[in-house]
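Visitor: The following file, upload37.cif, comprises mmCIF, C-alpha atoms and all ligand atoms:
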data_run
#
loop_
_atom_site.label_atom_id
_atom_site.label_comp_id
_atom_site.auth_asym_id
_atom_site.auth_seq_id
_atom_site.Cartn_x
_atom_site.Cartn_y
_atom_site.Cartn_z
CA MET A 1 17.26 13.37 26.87
CA GLY A 2 19.83 13.35 29.68
CA LYS A 3 19.78 10.76 32.43
CA GLN A 4 17.75 11.56 35.54
CA ALA A 5 19.70 13.45 38.18
CA VAL A 6 19.75 11.88 41.65
CA THR A 7 20.60 12.94 45.18
CA VAL A 8 22.18 10.30 47.41
CA ILE A 9 22.23 10.87 51.16
CA GLY A 10 24.38 8.43 53.12
CA LEU A 11 27.82 7.44 51.97
CA GLY A 12 28.58 4.24 53.84
CA PRO A 13 29.90 1.36 51.71
CA MET A 14 26.44 0.89 50.17
CA GLY A 15 25.75 4.56 49.40
CA ARG A 16 29.20 4.97 47.85
CA ALA A 17 28.67 1.93 45.60
CA MET A 18 25.32 3.39 44.51
CA VAL A 19 26.81 6.75 43.64
CA THR A 20 29.52 5.05 41.61
CA ALA A 21 26.90 2.99 39.75
CA PHE A 22 24.78 6.08 38.95
CA LEU A 23 27.81 8.03 37.74
CA ALA A 24 28.98 5.12 35.59
CA GLU A 25 25.61 5.18 33.80
CA GLY A 26 25.78 8.93 33.24
CA HIS A 27 23.35 10.08 35.96
CA PRO A 28 24.31 13.42 37.52
CA VAL A 29 24.62 12.80 41.28
CA THR A 30 24.49 15.20 44.23
CA VAL A 31 25.68 13.74 47.52
CA TRP A 32 25.49 14.60 51.19
CA ASN A 33 26.90 12.72 54.17
CA ARG A 34 27.22 13.53 57.87
CA THR A 35 30.94 12.79 57.59
CA ALA A 36 31.73 14.94 54.58
CA SER A 37 35.17 13.41 53.95
CA LYS A 38 33.53 10.19 52.65
CA ALA A 39 32.48 12.08 49.52
CA GLY A 40 36.07 12.71 48.39
CA GLU A 41 36.54 9.78 46.03
CA LEU A 42 33.04 10.26 44.60
CA VAL A 43 33.68 13.90 43.78
CA ALA A 44 36.74 12.74 41.85
CA GLN A 45 34.37 10.47 39.88
CA GLY A 46 32.03 13.38 39.10
CA ALA A 47 29.61 13.66 42.02
CA VAL A 48 28.66 17.11 43.32
CA THR A 49 28.73 17.66 47.07
CA ALA A 50 25.85 19.62 48.59
CA SER A 51 26.92 21.93 51.38
CA SER A 52 23.76 21.28 53.38
CA VAL A 53 20.90 18.79 53.57
CA GLU A 54 18.54 21.48 52.25
CA GLU A 55 20.79 21.96 49.23
CA ALA A 56 20.92 18.20 48.64
CA LEU A 57 17.11 18.02 48.73
CA ALA A 58 16.67 21.07 46.53
CA ALA A 59 19.03 19.66 43.89
CA ASN A 60 16.81 16.78 42.69
CA GLU A 61 13.34 15.31 42.92
CA LEU A 62 14.72 11.80 43.39
CA VAL A 63 16.51 11.35 46.72
CA VAL A 64 18.05 7.98 47.59
CA LEU A 65 18.67 7.39 51.31
CA SER A 66 21.29 4.80 52.26
CA LEU A 67 21.59 5.03 56.04
CA THR A 68 22.14 2.64 58.93
CA ASP A 69 18.51 2.93 60.02
CA TYR A 70 15.48 5.23 60.05
CA ASP A 71 16.70 7.06 63.16
CA ALA A 72 19.58 8.31 61.00
CA MET A 73 17.03 9.47 58.40
CA TYR A 74 15.09 11.49 60.98
CA ALA A 75 18.32 12.90 62.43
CA ILE A 76 19.25 14.17 58.96
CA LEU A 77 15.87 15.14 57.48
CA GLU A 78 13.87 16.46 60.46
CA PRO A 79 15.88 19.71 60.65
CA ALA A 80 15.45 20.12 56.86
CA ALA A 81 11.81 18.97 56.71
CA HIS A 82 10.70 22.24 55.12
CA ALA A 83 12.70 21.24 52.01
CA LEU A 84 10.97 17.88 51.55
CA ALA A 85 7.88 18.99 49.60
CA GLY A 86 7.80 17.47 46.12
CA ARG A 87 10.70 15.07 46.78
CA VAL A 88 10.60 11.31 46.23
CA LEU A 89 12.48 9.60 49.05
CA VAL A 90 13.73 6.17 48.06
CA ASN A 91 14.64 4.84 51.46
CA LEU A 92 17.08 1.96 51.08
CA SER A 93 17.95 2.01 54.79
CA SER A 94 17.19 -1.04 56.89
CA ASP A 95 14.46 -0.90 59.56
CA THR A 96 11.18 -2.52 60.57
CA PRO A 97 7.94 -2.64 58.56
CA ASP A 98 6.19 -0.50 61.19
CA ARG A 99 8.89 2.13 60.99
CA ALA A 100 8.64 2.12 57.17
CA ARG A 101 4.88 2.75 57.41
CA ALA A 102 5.45 5.56 59.93
CA ALA A 103 8.12 7.09 57.70
CA ALA A 104 5.80 7.04 54.68
CA ALA A 105 3.15 8.91 56.72
CA TRP A 106 5.80 11.32 58.04
CA ALA A 107 7.05 12.03 54.50
CA ALA A 108 3.49 12.54 53.25
CA GLY A 109 2.94 15.03 56.06
CA HIS A 110 5.79 17.06 54.58
CA GLY A 111 4.53 16.74 51.00
CA ALA A 112 7.05 14.05 49.99
CA GLU A 113 6.59 10.55 48.57
CA HIS A 114 8.30 7.58 50.25
CA LEU A 115 9.34 4.33 48.59
CA THR A 116 10.63 1.66 50.94
CA GLY A 117 13.49 -0.45 49.64
CA GLY A 118 15.41 -3.47 50.86
CA VAL A 119 18.64 -4.13 49.01
CA GLN A 120 19.44 -7.83 48.81
CA VAL A 121 23.06 -7.66 47.73
CA PRO A 122 26.29 -6.34 49.26
CA PRO A 123 27.96 -3.19 47.86
CA PRO A 124 30.27 -4.99 45.36
CA LEU A 125 27.19 -6.35 43.53
CA ILE A 126 25.50 -2.95 43.10
CA GLY A 127 25.15 -2.26 39.38
CA LYS A 128 25.80 -5.92 38.55
CA PRO A 129 23.39 -8.34 36.86
CA GLY A 130 21.44 -10.70 39.10
CA SER A 131 21.14 -8.25 41.99
CA ALA A 132 17.73 -7.28 43.36
CA THR A 133 15.96 -4.87 45.70
CA PHE A 134 12.48 -5.16 47.19
CA TYR A 135 10.34 -2.04 46.84
CA SER A 136 6.95 -1.05 48.22
CA GLY A 137 4.89 2.13 48.32
CA PRO A 138 2.90 4.08 45.73
CA ARG A 139 2.96 2.09 42.48
CA GLU A 140 2.95 5.12 40.19
CA VAL A 141 5.92 6.64 42.03
CA PHE A 142 7.83 3.38 41.71
CA ASP A 143 6.96 3.10 38.01
CA ALA A 144 8.06 6.68 37.36
CA HIS A 145 11.53 6.02 38.82
CA ARG A 146 11.97 2.35 38.08
CA GLU A 147 14.36 2.80 35.17
CA THR A 148 16.72 4.95 37.23
CA LEU A 149 16.53 2.60 40.23
CA GLU A 150 17.38 -0.33 37.97
CA VAL A 151 20.82 1.21 37.50
CA LEU A 152 21.47 0.00 41.06
CA THR A 153 19.88 -3.46 41.04
CA GLY A 154 16.97 -5.34 39.57
CA THR A 155 13.68 -4.27 41.14
CA ASP A 156 10.99 -6.38 42.78
CA PHE A 157 7.87 -4.38 43.63
CA ARG A 158 6.08 -6.16 46.50
CA GLY A 159 3.00 -3.97 46.94
CA THR A 160 1.65 -0.60 47.95
CA ASP A 161 1.89 -1.16 51.73
CA PRO A 162 5.10 0.73 52.61
CA GLY A 163 5.95 -1.95 55.19
CA LEU A 164 6.08 -4.82 52.69
CA ALA A 165 9.56 -4.26 51.29
CA ALA A 166 10.89 -3.99 54.84
CA MET A 167 9.06 -7.19 55.83
CA TYR A 168 10.54 -9.16 52.91
CA TYR A 169 13.95 -7.72 53.64
CA GLN A 170 13.89 -8.47 57.38
CA ALA A 171 12.39 -11.93 56.80
CA LEU A 172 15.30 -12.81 54.54
CA MET A 173 17.82 -11.15 56.85
CA THR A 174 16.48 -13.52 59.52
CA ILE A 175 17.74 -16.37 57.33
CA PHE A 176 20.97 -14.54 56.55
CA TRP A 177 22.08 -13.65 60.06
CA THR A 178 21.07 -16.90 61.74
CA SER A 179 22.59 -19.10 59.04
CA MET A 180 25.78 -17.04 58.84
CA LEU A 181 26.12 -17.19 62.61
CA SER A 182 25.62 -20.96 62.45
CA TYR A 183 28.44 -20.99 59.90
CA LEU A 184 30.72 -19.19 62.37
CA GLN A 185 29.74 -21.70 65.09
CA THR A 186 30.65 -24.50 62.68
CA LEU A 187 34.04 -22.93 62.04
CA ALA A 188 34.68 -22.42 65.77
CA LEU A 189 33.92 -26.11 66.33
CA ALA A 190 36.07 -27.21 63.41
CA GLY A 191 38.87 -24.91 64.59
CA ALA A 192 38.75 -26.42 68.08
CA HIS A 193 39.56 -29.74 66.37
CA GLY A 194 42.34 -28.26 64.23
CA VAL A 195 40.28 -28.07 61.03
CA THR A 196 40.53 -24.79 59.11
CA ALA A 197 37.80 -22.71 57.49
CA ALA A 198 39.33 -23.51 54.10
CA GLU A 199 39.08 -27.25 54.81
CA MET A 200 35.46 -26.89 55.91
CA LEU A 201 34.46 -24.70 52.96
CA PRO A 202 33.27 -27.39 50.50
CA TYR A 203 31.35 -29.23 53.21
CA ALA A 204 29.71 -26.10 54.62
CA SER A 205 28.81 -24.97 51.10
CA ARG A 206 27.27 -28.36 50.32
CA ALA A 207 25.18 -28.20 53.52
CA MET A 208 23.88 -24.77 52.45
CA THR A 209 23.07 -25.87 48.90
CA MET A 210 20.91 -28.71 50.26
CA MET A 211 18.65 -26.21 52.02
CA PRO A 212 16.30 -25.42 49.09
CA HIS A 213 15.26 -29.09 49.07
CA PHE A 214 14.09 -28.78 52.69
CA LEU A 215 12.39 -25.45 52.03
CA GLU A 216 10.42 -26.91 49.11
CA THR A 217 9.39 -29.95 51.17
CA TYR A 218 8.22 -27.95 54.16
CA ALA A 219 6.54 -24.94 52.47
CA PRO A 220 3.29 -26.70 51.47
CA HIS A 221 3.09 -28.46 54.85
CA ILE A 222 3.51 -25.18 56.71
CA ASP A 223 0.89 -23.41 54.58
CA ALA A 224 -1.51 -26.29 55.29
CA ALA A 225 -0.51 -26.47 59.01
CA ARG A 226 0.22 -30.19 58.47
CA TYR A 227 3.42 -31.57 59.94
CA PRO A 228 3.65 -35.27 59.06
CA GLY A 229 6.49 -37.02 60.87
CA ASP A 230 6.86 -39.60 58.11
CA VAL A 231 10.44 -38.64 57.19
CA ASP A 232 11.66 -36.82 60.27
CA ARG A 233 10.24 -36.80 63.78
CA LEU A 234 10.74 -33.85 66.12
CA ALA A 235 11.89 -36.30 68.80
CA MET A 236 14.75 -37.38 66.53
CA GLY A 237 15.63 -33.72 65.87
CA ALA A 238 15.56 -32.92 69.60
CA ALA A 239 18.08 -35.71 70.28
CA SER A 240 20.27 -34.51 67.39
CA VAL A 241 20.24 -30.94 68.69
CA GLN A 242 21.39 -32.21 72.10
CA HIS A 243 24.35 -33.89 70.40
CA VAL A 244 25.19 -30.63 68.66
CA LEU A 245 24.98 -28.74 71.97
CA HIS A 246 27.18 -31.28 73.79
CA THR A 247 29.76 -31.40 71.00
CA ASN A 248 30.14 -27.62 71.14
CA ARG A 249 30.22 -27.62 74.95
CA ASP A 250 32.84 -30.41 75.03
CA ALA A 251 35.01 -28.32 72.68
CA GLY A 252 34.95 -25.45 75.20
CA LEU A 253 32.99 -23.12 72.92
CA ASP A 254 30.32 -20.50 73.53
CA THR A 255 27.10 -22.55 73.39
CA ALA A 256 24.57 -19.69 73.38
CA LEU A 257 23.48 -20.44 69.80
CA PRO A 258 23.07 -24.25 70.07
CA ALA A 259 21.47 -23.79 73.51
CA ALA A 260 18.89 -21.42 72.00
CA VAL A 261 18.13 -23.99 69.30
CA ASP A 262 17.84 -26.70 71.96
CA GLY A 263 15.42 -24.50 73.91
CA ILE A 264 13.09 -24.16 70.92
CA PHE A 265 13.11 -27.91 70.30
CA ARG A 266 12.32 -28.53 73.98
CA ARG A 267 9.33 -26.20 73.79
CA GLY A 268 8.08 -28.14 70.76
CA MET A 269 8.45 -31.40 72.66
CA ASP A 270 6.61 -29.86 75.63
CA ARG A 271 3.77 -28.91 73.27
CA GLY A 272 3.44 -32.61 72.34
CA PHE A 273 4.93 -32.41 68.82
CA ALA A 274 7.36 -35.35 69.29
CA GLU A 275 5.81 -37.41 66.47
CA ASN A 276 5.37 -34.46 64.13
CA SER A 277 8.07 -33.24 61.78
CA PHE A 278 10.60 -30.56 62.66
CA SER A 279 8.46 -28.08 60.72
CA SER A 280 5.87 -28.18 63.55
CA LEU A 281 8.24 -25.85 65.45
CA VAL A 282 6.76 -23.02 63.37
CA GLU A 283 3.77 -23.30 65.74
CA VAL A 284 6.13 -22.66 68.68
CA LEU A 285 7.62 -19.64 66.91
CA LYS A 286 4.20 -18.08 66.25
CA GLN A 287 3.99 -16.92 69.87
CA PRO A 288 6.43 -15.10 72.17
CA ALA A 289 8.45 -17.46 74.37
CA GLY A 290 6.65 -17.87 77.71
N1 LIG B 301 26.68 -3.14 53.48
C1 LIG B 301 25.97 -4.18 53.13
O1 LIG B 301 26.49 -5.27 52.87
C2 LIG B 301 24.47 -4.05 52.97
C3 LIG B 301 23.75 -5.00 52.22
C4 LIG B 301 22.37 -4.85 52.06
C5 LIG B 301 21.73 -3.79 52.68
N2 LIG B 301 22.45 -2.90 53.43
C6 LIG B 301 21.72 -1.80 54.08
O2 LIG B 301 22.04 -0.59 53.40
C7 LIG B 301 22.10 0.48 54.35
C8 LIG B 301 23.44 1.18 54.20
O3 LIG B 301 24.47 0.22 54.34
P1 LIG B 301 25.95 0.65 54.68
O4 LIG B 301 26.75 -0.62 54.76
O5 LIG B 301 26.41 1.74 53.82
O6 LIG B 301 25.68 1.18 56.19
P2 LIG B 301 26.56 1.98 57.17
O7 LIG B 301 28.01 1.70 57.04
O8 LIG B 301 25.93 1.77 58.50
O9 LIG B 301 26.34 3.49 56.59
C9 LIG B 301 25.76 4.32 57.31
C10 LIG B 301 25.44 5.66 56.71
O10 LIG B 301 24.46 6.16 57.63
C11 LIG B 301 24.99 7.37 58.19
N3 LIG B 301 24.50 7.51 59.56
C12 LIG B 301 24.34 6.56 60.51
N4 LIG B 301 23.85 7.09 61.64
C13 LIG B 301 23.67 8.41 61.39
C14 LIG B 301 23.14 9.50 62.14
N5 LIG B 301 22.71 9.33 63.39
N6 LIG B 301 23.11 10.70 61.57
C15 LIG B 301 23.53 10.89 60.30
N7 LIG B 301 24.02 9.90 59.50
C16 LIG B 301 24.07 8.68 60.06
C17 LIG B 301 26.50 7.24 58.12
O11 LIG B 301 27.06 8.52 58.17
P3 LIG B 301 28.62 8.70 58.59
O12 LIG B 301 29.41 8.33 57.38
O13 LIG B 301 28.71 10.11 58.98
O14 LIG B 301 28.85 7.75 59.75
C18 LIG B 301 26.64 6.60 56.74
O15 LIG B 301 26.46 7.53 55.72
C19 LIG B 301 21.90 -0.14 55.74
O16 LIG B 301 20.57 0.08 56.16
C20 LIG B 301 22.17 -1.60 55.52
O17 LIG B 301 21.42 -2.44 56.42
C21 LIG B 301 23.78 -3.00 53.57
#
Show the structure stored in the file as structure tokens.

Guide:
Amino acid sequence: MGKQAVTVIGLGPMGRAMVTAFLAEGHPVTVWNRTASKAGELVAQGAVTASSVEEALAANELVVLSLTDYDAMYAILEPAAHALAGRVLVNLSSDTPDRARAAAAWAAGHGAEHLTGGVQVPPPLIGKPGSATFYSGPREVFDAHRETLEVLTGTDFRGTDPGLAAMYYQALMTIFWTSMLSYLQTLALAGAHGVTAAEMLPYASRAMTMMPHFLETYAPHIDAARYPGDVDRLAMGAASVQHVLHTNRDAGLDTALPAAVDGIFRRGMDRGFAENSFSSLVEVLKQPAG
């Protein structure tokens, strides 16, 4: 039997990598993109361009969406909603859990299934071993298309709530963006002292690789809402964060990031957590800032 045919809508760097991976595994692929010229290279590889969104939807049951956000999905699919019945939308676009739930209901209202996905690797790792994507939505729909989706990445089904894959994705993107921004702050500070990114690389990498140790230590404490200050006290952390803030300020840098960190520590101190561990700040983060 031939490989399952797929429609891919959205040809940014991620969508293009996905089309290439499907074609490499022998899946017939129909593509559509707002900016049609982005399909050029993919057509040379064997993809078929649909001349309209309706045609792209009509071509295949399985429709992969790789768009900037869900607004882009509505902008593309609302005018073609009459062509959605019977389609399986695998939405690998980033957005919030609430918007994923709303999209699943919207798709159902048009007779389509919706699987939410959160891709955890950049485009060069699509189709490579070790990559993974979170999925959530109807289990039987996921199971029916799992083999084809595993052409792109490994799959990790998180549950039937359509918001779950988006929640896992955004939770981990919270780590990604804040830690990568802290890396850029580190490089700006090093650069202000004449130290290059290349020189900092082994030290920054070592700091990152120590993180799982802290995660493992804190996870059971956070689940138990116990924050023993036997190894680290929040008061010590608050002083350390001030040193970080002042070092960045003295170097003439933008201090918005260290100042935000300092603000959170101060709120923990104000809540009386000085003798608890740093992990007690999770209690501060559970509520909106006053
Ligand atoms: N790139 C990564 O490293 C990476 C990693 C993991 C997950 N992701 C997620 O994967 C998704 C796709 O990533 P990407 O890097 O390919 O994103 P991207 O560069 O933002 O690609 C955007 C795609 O969305 C389309 N689009 C955006 N707004 C639109 C609108 N209003 N109407 C119609 N089409 C619209 C673009 O069409 P045009 O070509 O016409 O502009 C393009 O096809 C994103 O949700 C991203 O968060 C990306």

Visitor: Go through A:Ala251, A:Ser136, A:Gly229, A:Tyr203 one by one, measure the shortest atom-to-atom distance of each to A:Tyr183 using only C-alpha atoms, and give the residue with the smallest value.

Guide: A:Tyr203

Visitor: Pick out the closest residue to A:Glu78 from this set: A:Val195, A:Ile175, A:Ala103, A:Leu189. Count all atoms listed in the file.

Guide: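 Closest to A:Glu78 of all the choices is A:Ala103.
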
Visitor: From the list A:Asn91, A:Thr174, A:Thr160, A:Ser205, which residue is nearest A:Tyr70 when using all atoms listed in the file?

Guide: A:Asn91

Visitor: For ligand LIG 301 (chain B), which of A:Pro97, A:Pro28, A:Gly263, A:Gly10 is the closest residue, counting only C-alpha atoms and all ligand atoms?

Guide: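 When distances to ligand LIG 301 (chain B) are compared using only C-alpha atoms and all ligand atoms, the smallest one comes from A:Gly10.
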
Visitor: Mind running chain A against ligand LIG 301 (chain B) at 7 Å and telling me each contacting residue's nearest atom pair with the distance in Å (one decimal), counting only C-alpha atoms and all ligand atoms, chain and number ascending, as CSV?

Guide:
residue,atom,partner,partner_atom,distance
A:Gly10,CA,B:LIG301,O15,3.4
A:Leu11,CA,B:LIG301,O15,4.0
A:Gly12,CA,B:LIG301,O5,3.3
A:Pro13,CA,B:LIG301,O5,4.1
A:Met14,CA,B:LIG301,O5,3.7
A:Gly15,CA,B:LIG301,O5,5.3
A:Asn33,CA,B:LIG301,O15,5.4
A:Arg34,CA,B:LIG301,O13,3.9
A:Thr35,CA,B:LIG301,O13,3.8
A:Lys38,CA,B:LIG301,O12,6.5
A:Ser66,CA,B:LIG301,C8,4.6
A:Leu67,CA,B:LIG301,O10,3.5
A:Thr68,CA,B:LIG301,O8,3.9
A:Asp69,CA,B:LIG301,O16,5.2
A:Asp71,CA,B:LIG301,N5,6.4
A:Ala72,CA,B:LIG301,C14,3.9
A:Met73,CA,B:LIG301,C15,6.9
A:Ala75,CA,B:LIG301,N6,5.3
A:Ile76,CA,B:LIG301,C15,5.6
A:Leu92,CA,B:LIG301,O2,6.0
A:Ser93,CA,B:LIG301,O16,3.5
A:Ser94,CA,B:LIG301,O16,3.6
A:Gly118,CA,B:LIG301,C5,6.6
A:Val119,CA,B:LIG301,C5,4.8
A:Gln120,CA,B:LIG301,C4,5.3
A:Val121,CA,B:LIG301,C4,5.2
A:Pro122,CA,B:LIG301,O1,3.8
A:Pro123,CA,B:LIG301,O1,5.6

Visitor: Compile the contact shell of stretch 1-6 of chain A as a ChimeraX atom specification: residues with an atom at most 6 Å away, counting only C-alpha atoms, same-chain residues fewer than 3 positions apart removed.

Guide: /A:27-29,60,62
